[in-house]
>>> print(open('final.pdb').read())   # PDB, C-alpha atoms
ATOM      1  CA  MET A   1       8.186 -22.005  19.069
ATOM      2  CA  THR A   2       4.534 -20.922  19.436
ATOM      3  CA  SER A   3       2.501 -20.086  16.332
ATOM      4  CA  THR A   4       2.325 -16.452  17.490
ATOM      5  CA  ASP A   5       6.128 -16.445  17.635
ATOM      6  CA  SER A   6       6.498 -17.809  14.101
ATOM      7  CA  THR A   7       3.829 -15.448  12.731
ATOM      8  CA  LEU A   8       5.567 -12.456  14.324
ATOM      9  CA  ARG A   9       8.930 -13.520  12.892
ATOM     10  CA  ALA A  10       7.381 -13.932   9.436
ATOM     11  CA  ILE A  11       5.851 -10.433   9.605
ATOM     12  CA  LEU A  12       9.136  -8.886  10.757
ATOM     13  CA  GLN A  13      10.880 -10.644   7.910
ATOM     14  CA  ASP A  14       8.457  -9.027   5.426
ATOM     15  CA  VAL A  15       8.596  -5.566   7.019
ATOM     16  CA  LEU A  16      12.364  -5.456   7.448
ATOM     17  CA  GLY A  17      13.221  -7.367   4.275
ATOM     18  CA  LEU A  18      15.529  -9.675   6.250
ATOM     19  CA  SER A  19      16.346 -13.305   5.582
ATOM     20  CA  ALA A  20      14.570 -16.028   7.539
ATOM     21  CA  GLU A  21      17.928 -16.860   9.185
ATOM     22  CA  ARG A  22      18.442 -13.291  10.433
ATOM     23  CA  VAL A  23      14.950 -13.163  11.902
ATOM     24  CA  ALA A  24      15.245 -16.660  13.391
ATOM     25  CA  ALA A  25      18.208 -15.339  15.387
ATOM     26  CA  PHE A  26      16.056 -12.680  17.124
ATOM     27  CA  ASP A  27      15.782 -13.410  20.840
ATOM     28  CA  ALA A  28      13.805 -11.817  23.659
ATOM     29  CA  SER A  29      16.398  -9.055  24.096
ATOM     30  CA  THR A  30      16.718  -8.120  20.389
ATOM     31  CA  GLY A  31      15.972  -4.392  20.121
ATOM     32  CA  LEU A  32      13.252  -3.222  17.733
ATOM     33  CA  PHE A  33      11.974   0.405  17.596
ATOM     34  CA  GLY A  34      14.992   2.593  18.297
ATOM     35  CA  ASP A  35      17.548  -0.092  17.432
ATOM     36  CA  LEU A  36      16.493  -0.804  13.849
ATOM     37  CA  PRO A  37      16.767   2.466  11.898
ATOM     38  CA  GLU A  38      14.391   1.295   9.151
ATOM     39  CA  LEU A  39      11.636   0.763  11.715
ATOM     40  CA  ASP A  40      10.221   4.321  11.721
ATOM     41  CA  SER A  41       6.703   5.319  12.813
ATOM     42  CA  MET A  42       5.217   4.479   9.394
ATOM     43  CA  ALA A  43       6.853   1.048   9.379
ATOM     44  CA  VAL A  44       5.724   0.383  12.955
ATOM     45  CA  ALA A  45       2.153   1.325  11.989
ATOM     46  CA  GLY A  46       2.353  -1.118   9.076
ATOM     47  CA  LEU A  47       3.813  -3.783  11.350
ATOM     48  CA  LEU A  48       1.022  -3.426  13.933
ATOM     49  CA  THR A  49      -1.709  -3.418  11.280
ATOM     50  CA  GLU A  50      -0.281  -6.553   9.679
ATOM     51  CA  ILE A  51      -0.050  -8.235  13.111
ATOM     52  CA  GLU A  52      -3.730  -7.407  13.714
ATOM     53  CA  ASP A  53      -4.696  -8.903  10.351
ATOM     54  CA  ARG A  54      -2.709 -12.100  10.661
ATOM     55  CA  LEU A  55      -3.435 -12.800  14.344
ATOM     56  CA  ASP A  56      -7.003 -11.506  14.167
ATOM     57  CA  ILE A  57      -6.636  -9.217  17.177
ATOM     58  CA  VAL A  58      -7.104  -5.491  17.785
ATOM     59  CA  ILE A  59      -4.297  -3.458  19.299
ATOM     60  CA  GLU A  60      -5.591  -0.316  21.010
ATOM     61  CA  ASP A  61      -3.816   3.043  20.840
ATOM     62  CA  ASP A  62      -3.052   3.112  24.546
ATOM     63  CA  GLU A  63      -1.430  -0.328  24.382
ATOM     64  CA  VAL A  64       1.237   0.970  21.999
ATOM     65  CA  ASP A  65       3.957   2.498  24.114
ATOM     66  CA  GLY A  66       7.737   2.675  23.936
ATOM     67  CA  GLU A  67       8.127  -0.392  26.112
ATOM     68  CA  LEU A  68       5.957  -2.609  23.880
ATOM     69  CA  LEU A  69       8.203  -2.042  20.892
ATOM     70  CA  GLU A  70      11.497  -1.909  22.762
ATOM     71  CA  THR A  71      12.428  -5.562  22.326
ATOM     72  CA  TYR A  72      11.273  -8.633  20.469
ATOM     73  CA  GLY A  73      10.515 -10.315  23.816
ATOM     74  CA  ASN A  74       8.215  -7.502  24.967
ATOM     75  CA  LEU A  75       6.223  -7.479  21.729
ATOM     76  CA  LEU A  76       5.911 -11.271  21.663
ATOM     77  CA  ALA A  77       4.812 -11.501  25.310
ATOM     78  CA  PHE A  78       2.159  -8.837  24.702
ATOM     79  CA  LEU A  79       0.828 -10.633  21.620
ATOM     80  CA  GLU A  80       0.809 -14.063  23.249
ATOM     81  CA  ALA A  81      -1.277 -12.686  26.112
ATOM     82  CA  LYS A  82      -3.598 -11.029  23.580
ATOM     83  CA  VAL A  83      -4.077 -14.143  21.462
ATOM     84  CA  VAL A  84      -4.998 -16.256  24.495
ATOM     85  CA  ALA A  85      -7.436 -13.640  25.829
TER      86      ALA A  85
ATOM     87  CA  MET B   1       8.261   6.119 -21.940
ATOM     88  CA  ILE B   2       6.536   9.161 -20.413
ATOM     89  CA  ALA B   3       3.116   9.865 -21.898
ATOM     90  CA  ALA B   4       0.665  12.649 -21.074
ATOM     91  CA  TRP B   5      -3.072  12.247 -20.635
ATOM     92  CA  PRO B   6      -5.819  14.815 -20.104
ATOM     93  CA  CYS B   7      -7.436  14.879 -16.693
ATOM     94  CA  SER B   8     -10.185  17.152 -15.450
ATOM     95  CA  GLY B   9      -9.082  19.184 -12.447
ATOM     96  CA  PRO B  10     -10.844  21.795 -10.348
ATOM     97  CA  SER B  11     -10.045  24.537 -12.901
ATOM     98  CA  GLY B  12     -10.550  22.652 -16.141
ATOM     99  CA  LEU B  13      -8.517  20.098 -18.062
ATOM    100  CA  CYS B  14      -4.927  19.609 -17.039
ATOM    101  CA  GLU B  15      -2.178  17.296 -18.127
ATOM    102  CA  GLU B  16      -1.091  14.314 -16.078
ATOM    103  CA  TYR B  17       1.716  11.881 -16.790
ATOM    104  CA  ALA B  18       2.005   8.148 -17.052
ATOM    105  CA  LEU B  19       4.909   5.800 -17.479
ATOM    106  CA  ALA B  20       4.057   3.969 -20.691
ATOM    107  CA  PHE B  21       5.328   1.088 -22.788
ATOM    108  CA  ASP B  22       3.184   1.777 -25.833
ATOM    109  CA  GLN B  23       3.705   0.244 -29.244
ATOM    110  CA  GLY B  24       0.063   0.355 -30.245
ATOM    111  CA  ARG B  25      -0.453  -3.333 -29.534
ATOM    112  CA  GLY B  26      -3.823  -4.961 -28.907
ATOM    113  CA  ARG B  27      -3.295  -5.806 -25.239
ATOM    114  CA  ARG B  28      -3.088  -2.586 -23.252
ATOM    115  CA  VAL B  29      -2.969  -2.875 -19.464
ATOM    116  CA  LEU B  30      -3.669   0.161 -17.277
ATOM    117  CA  ILE B  31      -1.936  -0.156 -13.894
ATOM    118  CA  VAL B  32      -3.682   1.708 -11.067
ATOM    119  CA  PRO B  33      -1.082   2.255  -8.341
ATOM    120  CA  ALA B  34      -1.420   1.719  -4.603
ATOM    121  CA  LEU B  35      -2.258   4.781  -2.489
ATOM    122  CA  PHE B  36       0.052   6.955  -0.360
ATOM    123  CA  ASP B  37       3.478   5.620   0.542
ATOM    124  CA  GLU B  38       2.669   2.135  -0.711
ATOM    125  CA  ALA B  39       2.816   3.469  -4.273
ATOM    126  CA  ASN B  40       6.492   4.376  -3.793
ATOM    127  CA  ARG B  41       7.353   1.058  -2.213
ATOM    128  CA  MET B  42       5.845  -0.888  -5.088
ATOM    129  CA  ARG B  43       6.803   1.299  -8.042
ATOM    130  CA  GLY B  44      10.144  -0.378  -8.738
ATOM    131  CA  MET B  45       8.562  -3.818  -8.759
ATOM    132  CA  LEU B  46       5.754  -2.639 -11.060
ATOM    133  CA  VAL B  47       8.120  -0.909 -13.504
ATOM    134  CA  ASP B  48      10.128  -4.141 -13.807
ATOM    135  CA  THR B  49       6.860  -5.977 -14.449
ATOM    136  CA  MET B  50       6.001  -3.455 -17.193
ATOM    137  CA  ARG B  51       9.370  -4.047 -18.852
ATOM    138  CA  LEU B  52       8.782  -7.811 -18.879
ATOM    139  CA  LEU B  53       5.261  -7.390 -20.259
ATOM    140  CA  ASP B  54       6.669  -5.144 -22.989
ATOM    141  CA  GLU B  55       8.995  -7.979 -23.978
ATOM    142  CA  ALA B  56       5.974 -10.293 -23.980
ATOM    143  CA  GLY B  57       4.182  -8.023 -26.466
ATOM    144  CA  ILE B  58       1.832  -6.292 -24.021
ATOM    145  CA  ASP B  59       1.527  -2.493 -23.675
ATOM    146  CA  THR B  60       1.299  -1.066 -20.151
ATOM    147  CA  PHE B  61       0.486   2.333 -18.654
ATOM    148  CA  LEU B  62       1.180   3.472 -15.092
ATOM    149  CA  PRO B  63      -0.533   6.858 -14.604
ATOM    150  CA  ASP B  64       0.100   9.214 -11.682
ATOM    151  CA  LEU B  65      -2.895   9.688  -9.429
ATOM    152  CA  PRO B  66      -3.722  13.433  -9.466
ATOM    153  CA  GLY B  67      -1.805  15.166  -6.668
ATOM    154  CA  CYS B  68       0.798  12.370  -6.538
ATOM    155  CA  ASN B  69       4.214  11.783  -8.084
ATOM    156  CA  GLU B  70       4.724  14.260 -11.008
ATOM    157  CA  SER B  71       1.197  15.644 -10.839
ATOM    158  CA  LEU B  72       0.851  19.419 -10.441
ATOM    159  CA  GLN B  73      -2.632  19.183  -8.952
ATOM    160  CA  SER B  74      -3.126  19.782  -5.242
ATOM    161  CA  PHE B  75      -3.126  16.607  -3.166
ATOM    162  CA  THR B  76      -5.490  18.212  -0.680
ATOM    163  CA  ALA B  77      -8.112  18.710  -3.386
ATOM    164  CA  GLN B  78      -8.237  14.962  -4.143
ATOM    165  CA  SER B  79     -10.800  12.406  -3.085
ATOM    166  CA  LEU B  80     -11.444   8.771  -3.968
ATOM    167  CA  HIS B  81     -14.031  10.122  -6.385
ATOM    168  CA  SER B  82     -11.550  12.387  -8.201
ATOM    169  CA  TRP B  83      -8.990   9.577  -8.427
ATOM    170  CA  ARG B  84     -11.642   7.185  -9.760
ATOM    171  CA  ALA B  85     -12.705   9.712 -12.391
ATOM    172  CA  ALA B  86      -9.064  10.338 -13.336
ATOM    173  CA  MET B  87      -8.287   6.624 -13.742
ATOM    174  CA  GLY B  88     -11.360   6.313 -15.939
ATOM    175  CA  GLN B  89     -10.053   9.148 -18.112
ATOM    176  CA  ALA B  90      -6.597   7.573 -18.311
ATOM    177  CA  ALA B  91      -8.145   4.219 -19.309
ATOM    178  CA  GLN B  92     -10.097   5.926 -22.051
ATOM    179  CA  HIS B  93      -7.188   8.038 -23.294
ATOM    180  CA  PHE B  94      -4.818   5.079 -23.574
ATOM    181  CA  GLY B  95      -7.496   2.731 -24.888
ATOM    182  CA  ALA B  96      -6.867   0.253 -22.060
ATOM    183  CA  SER B  97      -8.113  -3.273 -22.714
ATOM    184  CA  ASP B  98      -7.365  -4.559 -19.204
ATOM    185  CA  VAL B  99      -6.532  -3.199 -15.772
ATOM    186  CA  LEU B 100      -4.215  -4.164 -12.923
ATOM    187  CA  ALA B 101      -5.192  -2.495  -9.629
ATOM    188  CA  VAL B 102      -2.682  -2.637  -6.789
ATOM    189  CA  ARG B 103      -3.670  -2.552  -3.081
ATOM    190  CA  GLY B 104      -5.630   0.695  -2.458
ATOM    191  CA  GLY B 105      -5.777   1.182  -6.222
ATOM    192  CA  ALA B 106      -8.659  -1.289  -5.993
ATOM    193  CA  LEU B 107     -10.722   1.549  -4.467
ATOM    194  CA  VAL B 108     -10.366   3.789  -7.532
ATOM    195  CA  TYR B 109      -9.795   1.593 -10.603
ATOM    196  CA  PRO B 110     -12.158   1.390 -13.601
ATOM    197  CA  GLY B 111     -14.114  -1.722 -12.634
ATOM    198  CA  THR B 112     -15.640  -2.077 -16.084
ATOM    199  CA  LEU B 113     -12.333  -3.413 -17.469
ATOM    200  CA  PRO B 114     -11.319  -7.040 -17.033
ATOM    201  CA  GLY B 115      -8.055  -7.758 -15.285
ATOM    202  CA  TRP B 116      -6.388  -8.306 -11.936
ATOM    203  CA  VAL B 117      -6.461  -6.873  -8.443
ATOM    204  CA  LEU B 118      -3.247  -7.400  -6.458
ATOM    205  CA  GLU B 119      -3.837  -7.761  -2.689
ATOM    206  CA  PRO B 120      -6.792  -5.335  -2.527
ATOM    207  CA  ALA B 121      -6.724  -3.017   0.519
ATOM    208  CA  LYS B 122      -9.777  -1.693   2.361
ATOM    209  CA  GLY B 123     -10.150   2.045   2.905
ATOM    210  CA  PRO B 124     -10.600   1.746   6.685
ATOM    211  CA  SER B 125      -7.368  -0.308   6.996
ATOM    212  CA  ILE B 126      -5.402   2.265   4.997
ATOM    213  CA  LEU B 127      -6.773   5.100   7.114
ATOM    214  CA  ARG B 128      -6.198   3.277  10.386
ATOM    215  CA  GLN B 129      -2.572   2.654   9.530
ATOM    216  CA  LEU B 130      -1.937   6.283   8.532
ATOM    217  CA  ILE B 131      -3.532   7.585  11.716
ATOM    218  CA  ARG B 132      -1.612   5.073  13.771
ATOM    219  CA  ALA B 133       1.671   6.222  12.220
ATOM    220  CA  ARG B 134       0.779   9.745  13.268
ATOM    221  CA  THR B 135      -0.053   8.823  16.886
ATOM    222  CA  ILE B 136       3.168   6.795  17.159
ATOM    223  CA  ALA B 137       5.235   9.696  15.783
ATOM    224  CA  ALA B 138       3.504  12.051  18.246
ATOM    225  CA  ARG B 139       4.256   9.761  21.164
ATOM    226  CA  GLU B 140       7.878   9.604  20.102
ATOM    227  CA  ALA B 141       7.956  13.400  20.066
ATOM    228  CA  GLY B 142       6.583  13.390  23.604
ATOM    229  CA  HIS B 143       2.951  14.362  23.144
ATOM    230  CA  HIS B 144      -0.293  12.459  22.978
ATOM    231  CA  GLU B 145      -2.715  12.348  20.052
ATOM    232  CA  ASP B 146      -5.952  10.402  20.106
ATOM    233  CA  SER B 147      -6.994   8.427  16.976
ATOM    234  CA  ALA B 148     -10.704   9.060  17.398
ATOM    235  CA  ALA B 149     -10.161  12.815  17.785
ATOM    236  CA  LEU B 150      -7.810  12.868  14.788
ATOM    237  CA  LEU B 151     -10.368  11.049  12.671
ATOM    238  CA  GLU B 152     -13.060  13.518  13.623
ATOM    239  CA  GLN B 153     -10.765  16.433  12.846
ATOM    240  CA  GLY B 154      -9.900  14.780   9.526
ATOM    241  CA  ARG B 155     -13.523  14.419   8.491
ATOM    242  CA  ASP B 156     -14.145  17.995   9.496
ATOM    243  CA  THR B 157     -11.205  19.991   8.195
ATOM    244  CA  GLY B 158      -8.747  17.477   6.716
ATOM    245  CA  LEU B 159      -5.619  16.056   8.289
ATOM    246  CA  GLU B 160      -1.922  15.715   7.566
ATOM    247  CA  LEU B 161      -1.049  12.015   7.527
ATOM    248  CA  ALA B 162       2.434  10.660   6.768
ATOM    249  CA  GLY B 163       3.312  13.936   5.049
ATOM    250  CA  TYR B 164       0.148  13.984   2.905
ATOM    251  CA  ARG B 165      -2.238  16.894   3.478
ATOM    252  CA  CYS B 166      -5.469  14.939   3.111
ATOM    253  CA  GLY B 167      -8.665  16.873   2.485
ATOM    254  CA  ALA B 168     -11.819  16.088   4.453
ATOM    255  CA  SER B 169     -13.450  14.330   1.494
ATOM    256  CA  LEU B 170     -10.527  11.914   1.077
ATOM    257  CA  ILE B 171     -10.627  11.014   4.786
ATOM    258  CA  ALA B 172     -14.404  10.583   4.733
ATOM    259  CA  GLY B 173     -14.192   8.484   1.575
ATOM    260  CA  LEU B 174     -11.504   6.164   2.930
ATOM    261  CA  GLN B 175     -13.445   5.547   6.102
ATOM    262  CA  ASP B 176     -16.015   3.338   4.403
ATOM    263  CA  ALA B 177     -14.532   2.415   1.024
ATOM    264  CA  LEU B 178     -14.238  -1.253   0.088
ATOM    265  CA  PRO B 179     -12.749  -2.620  -3.126
ATOM    266  CA  GLN B 180     -15.436  -3.231  -5.754
ATOM    267  CA  ILE B 181     -14.217  -6.300  -7.588
ATOM    268  CA  GLU B 182     -16.357  -7.182 -10.569
ATOM    269  CA  GLY B 183     -14.985 -10.355 -12.057
ATOM    270  CA  GLN B 184     -11.330  -9.297 -12.032
ATOM    271  CA  ARG B 185      -8.949 -11.962 -10.760
ATOM    272  CA  ILE B 186      -7.698 -11.381  -7.226
ATOM    273  CA  VAL B 187      -3.957 -12.027  -7.018
ATOM    274  CA  MET B 188      -2.657 -12.752  -3.536
ATOM    275  CA  GLN B 189       0.937 -12.224  -2.472
ATOM    276  CA  ALA B 190       1.531 -15.972  -2.068
ATOM    277  CA  GLU B 191       1.199 -16.327  -5.861
ATOM    278  CA  LEU B 192       4.147 -13.950  -6.328
ATOM    279  CA  GLY B 193       6.276 -15.451  -3.555
ATOM    280  CA  GLY B 194       8.190 -13.494  -0.903
ATOM    281  CA  GLY B 195       6.797 -10.759   1.322
ATOM    282  CA  GLY B 196       4.475  -7.964   0.185
ATOM    283  CA  LEU B 197       6.574  -4.961  -0.809
ATOM    284  CA  TRP B 198       4.004  -2.504   0.575
ATOM    285  CA  LEU B 199       5.029  -3.780   4.014
ATOM    286  CA  ARG B 200       8.712  -3.179   3.436
ATOM    287  CA  ALA B 201      10.170  -0.350   5.531
ATOM    288  CA  GLU B 202      12.787   0.378   2.840
ATOM    289  CA  PRO B 203      11.714   0.247  -0.819
ATOM    290  CA  ALA B 204      13.392  -2.526  -2.757
ATOM    291  CA  ALA B 205      13.196  -4.210  -6.119
ATOM    292  CA  ALA B 206      12.005  -7.801  -6.234
ATOM    293  CA  PRO B 207      12.863  -9.244  -9.648
ATOM    294  CA  GLU B 208      11.369 -12.644  -8.860
ATOM    295  CA  GLN B 209       8.041 -11.037  -7.862
ATOM    296  CA  SER B 210       8.008  -8.872 -11.007
ATOM    297  CA  ALA B 211       8.671 -11.957 -13.101
ATOM    298  CA  ALA B 212       5.889 -13.931 -11.394
ATOM    299  CA  LEU B 213       3.387 -11.098 -11.875
ATOM    300  CA  ALA B 214       4.333 -10.616 -15.532
ATOM    301  CA  ARG B 215       4.068 -14.370 -16.184
ATOM    302  CA  LEU B 216       0.651 -14.506 -14.560
ATOM    303  CA  ILE B 217      -0.693 -11.558 -16.586
ATOM    304  CA  ALA B 218       0.786 -12.773 -19.871
ATOM    305  CA  ALA B 219      -0.602 -16.294 -19.290
ATOM    306  CA  ASP B 220      -4.099 -14.967 -18.533
ATOM    307  CA  LEU B 221      -4.076 -12.770 -21.640
ATOM    308  CA  ASP B 222      -3.034 -15.699 -23.818
ATOM    309  CA  ALA B 223      -5.762 -17.916 -22.474
TER     310      ALA B 223
END
>>> encode(input="final.pdb", output="structure tokens")
Amino acid sequence: MTSTDSTLRAILQDVLGLSAERVAAFDASTGLFGDLPELDSMAVAGLLTEIEDRLDIVIEDDEVDGELLETYGNLLAFLEAKVVA
Amino acid sequence: MIAAWPCSGPSGLCEEYALAFDQGRGRRVLIVPALFDEANRMRGMLVDTMRLLDEAGIDTFLPDLPGCNESLQSFTAQSLHSWRAAMGQAAQHFGASDVLAVRGGALVYPGTLPGWVLEPAKGPSILRQLIRARTIAAREAGHHEDSAALLEQGRDTGLELAGYRCGASLIAGLQDALPQIEGQRIVMQAELGGGGLWLRAEPAAAPEQSAALARLIAADLDA
């Protein structure tokens, strides 16, 4: 597991209030925005801001689209590309 | 449990409320809540902390920020300045000996009191997150809103963010405000264990975090 992967899982654990085991079971196809009712626009905004803080990156408005937040795999792939850049 | 305190509003003195555990003891901690939705997410944890501090012989006061919670004042009329003035008045009214500021509360707490600042939040981060929530909600509803344009509109005429009708002065104030910590102890989440409750999508109690915070405060006051 990459460090970006473990950081993202830790943040999701905090935002969703899930156990480490539940979040460890997330895979690339696990649905996020739209599938998790507690993940509303306010929670997503908090999630993205926390990701920026902990990974020291900036996520631009136009990078946040439905696809980015559709699945765990999409969000992780986006962040891994960002962290390397 | 519920105590009133006098607060100056736009049309003279008005009454605001605070949750209070007051037995006239020497140690009297004013708790300045987080701002916006974070206040709701953390209230349960803080109230449990107050109960534990009461058992430890420490009085605590959790006032409403004007315009929030039970307050009858207009939210739109508020600014960081008005909240700072109000928290100063609450501190004076209750005779606070110490202060605990939580997250964005660090932008408006009475910095002359000793005490603790729990995970201080910067104004620009708070504002960015609120504006982001609005652009995400707009996108979901099928239209586009631009953060920079929203910010400009906010500074000009005010802006509704996450259900709060923010006045222009509050937006302008948040844009540059940084916590002013003057010797208070900064408490980071890791000291309480678990995840920060302000991040939590659904509010929840966290008895172990309340206990850790109460222990930390009681230990510092004994020292």
>>> interface_residues(input="final.pdb", of="chain B", to="chain A", cutoff="9 Å", atoms="all atoms listed in the file", output="ChimeraX atom specification")
/B:125,128-137,139-140,146-147,162,194-202,204
>>> atom_distance(input="final.pdb", atom1="atom CA of B:Ile181", atom2="atom CA of B:Thr112")
9.6 Å
>>> axis_aligned_box(input="final.pdb", around="stretch 31-48 of chain A", padding_each_side="6 Å", output="JSON")
{"center_x": 9.3, "center_y": 0.5, "center_z": 14.6, "size_x": 28.5, "size_y": 21.7, "size_z": 23.0}
>>> atom_distance(input="final.pdb", atom1="atom CA of B:Trp5", atom2="atom CA of B:His93")
6.5 Å
>>> residues_near_point(input="final.pdb", point="(-10.2, -10.3, 20.1)", cutoff="8 Å", atoms="only C-alpha atoms", output="number ranges by chain")
A: 56-58, 82-83, 85
>>> resolve_selection(input="final.pdb", expression="the PyMOL selection byres ((chain B and resi 30-44) around 8)", output="number ranges by chain")
B: 28-29, 45-48, 60-65, 87, 91, 96-106, 108-109, 164, 197-200, 202-205
>>> atom_distance(input="final.pdb", atom1="atom CA of A:Ile59", atom2="atom CA of A:Leu79")
9.1 Å
>>> resolve_selection(input="final.pdb", expression="the PyMOL selection byres ((chain B and resi 182) around 12)", output="ChimeraX atom specification")
/B:99,106,109-117,179-181,183-186
>>> residues_around(input="final.pdb", residues="stretch 24-32 of chain A", least_positions_apart="6", cutoff="6 Å", atoms="only C-alpha atoms", output="list of chain:residue names")
A:Glu70, A:Thr71, A:Tyr72, A:Gly73
>>> residues_around(input="final.pdb", residues="B:Leu174", least_positions_apart="6", cutoff="9 Å", atoms="only C-alpha atoms", output="ChimeraX atom specification")
/B:79-80,107,122-127
>>> closest_residue(input="final.pdb", among="A:Leu36, A:Ala20, A:Glu80, A:Ile51", to="A:Asp5", atoms="only C-alpha atoms")
A:Glu80
>>> residues_around(input="final.pdb", residues="B:Gln23", least_positions_apart="2", cutoff="7 Å", atoms="only C-alpha atoms", output="PyMOL selection string")
chain B and resi 21+25+59
>>> resolve_selection(input="final.pdb", expression="the PyMOL selection byres ((chain B and resi 1-4) around 8)", output="mmCIF file with C-alpha atoms, keeping the file's coordinate frame")
data_model
loop_
_atom_site.group_PDB
_atom_site.id
_atom_site.type_symbol
_atom_site.label_atom_id
_atom_site.label_comp_id
_atom_site.auth_asym_id
_atom_site.auth_seq_id
_atom_site.Cartn_x
_atom_site.Cartn_y
_atom_site.Cartn_z
ATOM 1 C CA TRP B 5 -3.072 12.247 -20.635
ATOM 2 C CA PRO B 6 -5.819 14.815 -20.104
ATOM 3 C CA GLU B 15 -2.178 17.296 -18.127
ATOM 4 C CA GLU B 16 -1.091 14.314 -16.078
ATOM 5 C CA TYR B 17 1.716 11.881 -16.790
ATOM 6 C CA ALA B 18 2.005 8.148 -17.052
ATOM 7 C CA LEU B 19 4.909 5.800 -17.479
ATOM 8 C CA ALA B 20 4.057 3.969 -20.691
ATOM 9 C CA PHE B 21 5.328 1.088 -22.788
ATOM 10 C CA ASP B 22 3.184 1.777 -25.833
#
>>> residues_around(input="final.pdb", residues="stretch 153-160 of chain B", least_positions_apart="6", cutoff="10 Å", atoms="only C-alpha atoms", output="list of chain:residue names")
B:Thr76, B:Leu130, B:Ile131, B:Arg134, B:Ser147, B:Cys166, B:Gly167, B:Ala168, B:Ser169, B:Leu170, B:Ile171, B:Ala172, B:Gly173, B:Gln175
